[in-house]
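J.: Starting off with a structure, shown below.
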Amino acid sequence: MRINRKLGAFGVLAGLCFTAGMAQAADDPVAVRKAIMSSVGAAAGLGGGMMKGGVDYSPAAGKAAIATMRAASLSFGAFFPEGTGEGDTGAAATIWDDADGFAAELAKFSAATEQAAAASGKDGPADLDSFKAAFGPVMGTCKSCHETYRKKN
Ligand code: HEC
């Protein structure tokens with residue numbers, strides 16, 4: 001009984017934290033999606049650096065780059081409510097005008113990160129070649145989405 005009650009309290013707490021997080025996200029979805037894409041940019045810098053050889057490869061760093069991409073691909077699409085295409089955002093109006101096309105780009109992104117996460121396993125890709133095989137396709141998804149769904153500077 002005691003244990004159950006403790007678990008119950010924990011569940012409520014976790015629920016509250018989750019709700020608070022959601023409320024914050026709903027208040028400023030533009031800031032959240034930009035922050036998620038900055039993390040994608042950072043992971044691309046790390047992963048790309050290792051692929052090009054400027055950064056020494058390690059399975060742990062490979063795993064970190066992949067995990068960041070995976071998390072971003074799963075969350076990013078939730079922060080594009082109608083009416084958030086104006087102002088200080090790089091999101092193009094095509095996101096809302098062509099919602100199916102945007103969803104398809106998101107699906108490509110998450111399919112690539114799913115494969116990469118599967119290849120990454122518990123300890124990260126064992127060597128640089130297996131990292132390249134896993135991470136390359138993720139890097140291949142940036143351009144086509146940006147071309148159509150991100151504002152040109
Ligand atoms: C499904 C579409 C999509 C994919 C895939 C995607 N991006 Fe983006 N990206 C966007 C959109 C839309 C924005 C603009 C968001 C905003 O400003 O509201 C953006 C913005 C960015 C930014 C600027 C973030 C900021 O601080 O404002 C960076 C950096 C970035 N993307 C890097 C990448 C990289 C690297 C990849 C590939 C690994 C990638 N993106 C894949 C849609 C995408």
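Residues are referred to by chain and number: the chain letter is A, B, ... according to the order shown in the structure tokens, the number counts from 1 in that chain, and ligands are numbered separately from 1 in the order shown.
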Find the residues near ligand 1. Use a cut-off of 6 Å, count only C-alpha atoms and all ligand atoms, and write them as a ChimeraX atom specification.

T.: /A:30,33-35,37-38,40-41,44,89-91,105-106,109,138-139,141-142,145-146,149-150

J.: Output N, CA, C and O atoms for every residue in that selection, as a PDB file, in the first residue's frame.

T.:
ATOM      1  N   VAL A  30       7.166  29.530 -31.168  1.00  0.00           N
ATOM      2  CA  VAL A  30       8.238  29.936 -32.085  1.00  0.00           C
ATOM      3  C   VAL A  30       9.598  29.771 -31.402  1.00  0.00           C
ATOM      4  O   VAL A  30      10.542  29.221 -31.987  1.00  0.00           O
ATOM      5  N   ARG A  33      10.444  25.993 -31.153  1.00  0.00           N
ATOM      6  CA  ARG A  33      10.896  25.315 -32.379  1.00  0.00           C
ATOM      7  C   ARG A  33      12.256  25.822 -32.831  1.00  0.00           C
ATOM      8  O   ARG A  33      13.065  25.067 -33.371  1.00  0.00           O
ATOM      9  N   LYS A  34      12.531  27.104 -32.585  1.00  0.00           N
ATOM     10  CA  LYS A  34      13.869  27.622 -32.921  1.00  0.00           C
ATOM     11  C   LYS A  34      14.922  26.959 -32.050  1.00  0.00           C
ATOM     12  O   LYS A  34      16.017  26.626 -32.528  1.00  0.00           O
ATOM     13  N   ALA A  35      14.605  26.805 -30.765  1.00  0.00           N
ATOM     14  CA  ALA A  35      15.572  26.172 -29.854  1.00  0.00           C
ATOM     15  C   ALA A  35      15.808  24.719 -30.270  1.00  0.00           C
ATOM     16  O   ALA A  35      16.946  24.233 -30.238  1.00  0.00           O
ATOM     17  N   MET A  37      15.588  23.548 -33.332  1.00  0.00           N
ATOM     18  CA  MET A  37      16.426  23.578 -34.541  1.00  0.00           C
ATOM     19  C   MET A  37      17.854  24.003 -34.227  1.00  0.00           C
ATOM     20  O   MET A  37      18.784  23.562 -34.902  1.00  0.00           O
ATOM     21  N   SER A  38      18.053  24.846 -33.202  1.00  0.00           N
ATOM     22  CA  SER A  38      19.443  25.156 -32.808  1.00  0.00           C
ATOM     23  C   SER A  38      20.143  23.900 -32.323  1.00  0.00           C
ATOM     24  O   SER A  38      21.332  23.717 -32.586  1.00  0.00           O
ATOM     25  N   VAL A  40      19.517  20.963 -33.351  1.00  0.00           N
ATOM     26  CA  VAL A  40      19.799  20.212 -34.582  1.00  0.00           C
ATOM     27  C   VAL A  40      21.070  20.757 -35.240  1.00  0.00           C
ATOM     28  O   VAL A  40      21.935  20.000 -35.684  1.00  0.00           O
ATOM     29  N   GLY A  41      21.181  22.094 -35.267  1.00  0.00           N
ATOM     30  CA  GLY A  41      22.379  22.709 -35.837  1.00  0.00           C
ATOM     31  C   GLY A  41      23.638  22.297 -35.075  1.00  0.00           C
ATOM     32  O   GLY A  41      24.673  21.996 -35.672  1.00  0.00           O
ATOM     33  N   ALA A  44      24.431  18.734 -35.831  1.00  0.00           N
ATOM     34  CA  ALA A  44      24.983  18.647 -37.189  1.00  0.00           C
ATOM     35  C   ALA A  44      26.448  19.082 -37.178  1.00  0.00           C
ATOM     36  O   ALA A  44      27.281  18.515 -37.882  1.00  0.00           O
ATOM     37  N   THR A  89      10.573  34.793 -37.235  1.00  0.00           N
ATOM     38  CA  THR A  89      10.644  33.338 -37.436  1.00  0.00           C
ATOM     39  C   THR A  89      11.146  33.041 -38.836  1.00  0.00           C
ATOM     40  O   THR A  89      10.887  33.800 -39.764  1.00  0.00           O
ATOM     41  N   GLY A  90      11.868  31.948 -38.951  1.00  0.00           N
ATOM     42  CA  GLY A  90      12.336  31.506 -40.263  1.00  0.00           C
ATOM     43  C   GLY A  90      11.358  30.575 -40.949  1.00  0.00           C
ATOM     44  O   GLY A  90      11.624  30.067 -42.037  1.00  0.00           O
ATOM     45  N   ALA A  91      10.225  30.333 -40.296  1.00  0.00           N
ATOM     46  CA  ALA A  91       9.242  29.407 -40.862  1.00  0.00           C
ATOM     47  C   ALA A  91       8.515  30.068 -42.031  1.00  0.00           C
ATOM     48  O   ALA A  91       7.978  31.163 -41.895  1.00  0.00           O
ATOM     49  N   GLU A 105       8.044  16.018 -45.126  1.00  0.00           N
ATOM     50  CA  GLU A 105       9.451  16.304 -44.804  1.00  0.00           C
ATOM     51  C   GLU A 105       9.768  15.904 -43.364  1.00  0.00           C
ATOM     52  O   GLU A 105      10.835  15.362 -43.073  1.00  0.00           O
ATOM     53  N   LEU A 106       8.821  16.182 -42.460  1.00  0.00           N
ATOM     54  CA  LEU A 106       8.998  15.764 -41.067  1.00  0.00           C
ATOM     55  C   LEU A 106       9.118  14.243 -40.970  1.00  0.00           C
ATOM     56  O   LEU A 106       9.927  13.712 -40.206  1.00  0.00           O
ATOM     57  N   PHE A 109      12.507  13.120 -42.060  1.00  0.00           N
ATOM     58  CA  PHE A 109      13.462  13.447 -40.996  1.00  0.00           C
ATOM     59  C   PHE A 109      13.381  12.385 -39.892  1.00  0.00           C
ATOM     60  O   PHE A 109      14.404  11.805 -39.487  1.00  0.00           O
ATOM     61  N   VAL A 138      20.563  11.331 -42.192  1.00  0.00           N
ATOM     62  CA  VAL A 138      19.905  12.374 -41.388  1.00  0.00           C
ATOM     63  C   VAL A 138      20.291  13.744 -41.940  1.00  0.00           C
ATOM     64  O   VAL A 138      19.439  14.614 -42.150  1.00  0.00           O
ATOM     65  N   MET A 139      21.578  13.916 -42.232  1.00  0.00           N
ATOM     66  CA  MET A 139      22.059  15.182 -42.789  1.00  0.00           C
ATOM     67  C   MET A 139      21.466  15.434 -44.178  1.00  0.00           C
ATOM     68  O   MET A 139      21.391  16.585 -44.625  1.00  0.00           O
ATOM     69  N   THR A 141      18.451  15.200 -44.947  1.00  0.00           N
ATOM     70  CA  THR A 141      17.058  15.655 -44.895  1.00  0.00           C
ATOM     71  C   THR A 141      16.922  17.165 -44.670  1.00  0.00           C
ATOM     72  O   THR A 141      15.840  17.718 -44.843  1.00  0.00           O
ATOM     73  N   CYS A 142      18.001  17.841 -44.303  1.00  0.00           N
ATOM     74  CA  CYS A 142      17.919  19.269 -43.963  1.00  0.00           C
ATOM     75  C   CYS A 142      17.489  20.106 -45.174  1.00  0.00           C
ATOM     76  O   CYS A 142      16.573  20.915 -45.098  1.00  0.00           O
ATOM     77  N   CYS A 145      13.848  20.189 -46.806  1.00  0.00           N
ATOM     78  CA  CYS A 145      12.839  20.851 -45.980  1.00  0.00           C
ATOM     79  C   CYS A 145      13.090  22.361 -45.953  1.00  0.00           C
ATOM     80  O   CYS A 145      12.177  23.148 -46.146  1.00  0.00           O
ATOM     81  N   HIS A 146      14.340  22.746 -45.749  1.00  0.00           N
ATOM     82  CA  HIS A 146      14.646  24.185 -45.696  1.00  0.00           C
ATOM     83  C   HIS A 146      14.297  24.887 -47.000  1.00  0.00           C
ATOM     84  O   HIS A 146      13.814  26.012 -46.997  1.00  0.00           O
ATOM     85  N   TYR A 149      10.357  25.092 -46.911  1.00  0.00           N
ATOM     86  CA  TYR A 149       9.582  25.452 -45.720  1.00  0.00           C
ATOM     87  C   TYR A 149      10.301  26.418 -44.778  1.00  0.00           C
ATOM     88  O   TYR A 149       9.820  26.696 -43.685  1.00  0.00           O
ATOM     89  N   ARG A 150      11.456  26.885 -45.193  1.00  0.00           N
ATOM     90  CA  ARG A 150      12.159  27.877 -44.383  1.00  0.00           C
ATOM     91  C   ARG A 150      12.365  29.112 -45.226  1.00  0.00           C
ATOM     92  O   ARG A 150      12.697  29.001 -46.419  1.00  0.00           O
TER      93      ARG A 150
END

J.: For stretch 68-74 of chain A, list every protein, DNA or RNA residue within 9 Å, evaluated using only C-alpha atoms, and leave out those in the same chain fewer than 4 positions away; present the list as a PyMOL selection string.

T.: chain A and resi 36-37+39-40+42-44+63-64+78+106-107+109-114+116-117+138

J.: Report as a ChimeraX atom specification all protein, DNA and RNA residues lying within 8 Å of A:Gly47, evaluated on only C-alpha atoms, omitting residues in the same chain fewer than 2 positions from it.

T.: /A:43-45,49-51,61-62,65,135

J.: When you look at A:Asp127 with a cut-off of 10 Å (counting only C-alpha atoms), what residues show up, excluding the ones that are within fewer than 6 positions of it in the same chain? I need them as a list in words.

T.: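 Answer for this query is Tyr57, Ser58, Pro59 and Gly62 of chain A.
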
J.: Which distance in Å separates atom CA of A:Gly54 and atom CA of A:Ala126, to one decimal?

T.: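 The value is 18.3 Å.
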
J.: Per DSSP on the backbone, filter chain A down to the residues in helix (DSSP H, G or I) and report them as a VMD selection string.

T.: chain A and resid 2 to 27 29 to 52 59 to 79 94 to 97 99 to 120 128 to 139 142 to 149

J.: Hey, which of A:Asp123, A:Glu86, A:Asp129, A:Asp97 ends up closest to A:Ala67? Count only C-alpha atoms.

T.: A:Asp123

J.: Between A:Gly77, A:Gly101, A:Gly87, A:Gly48, single out the one closest to A:Phe131, counting only C-alpha atoms.

T.: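 So, comparing all the options, the nearest one is A:Gly48.
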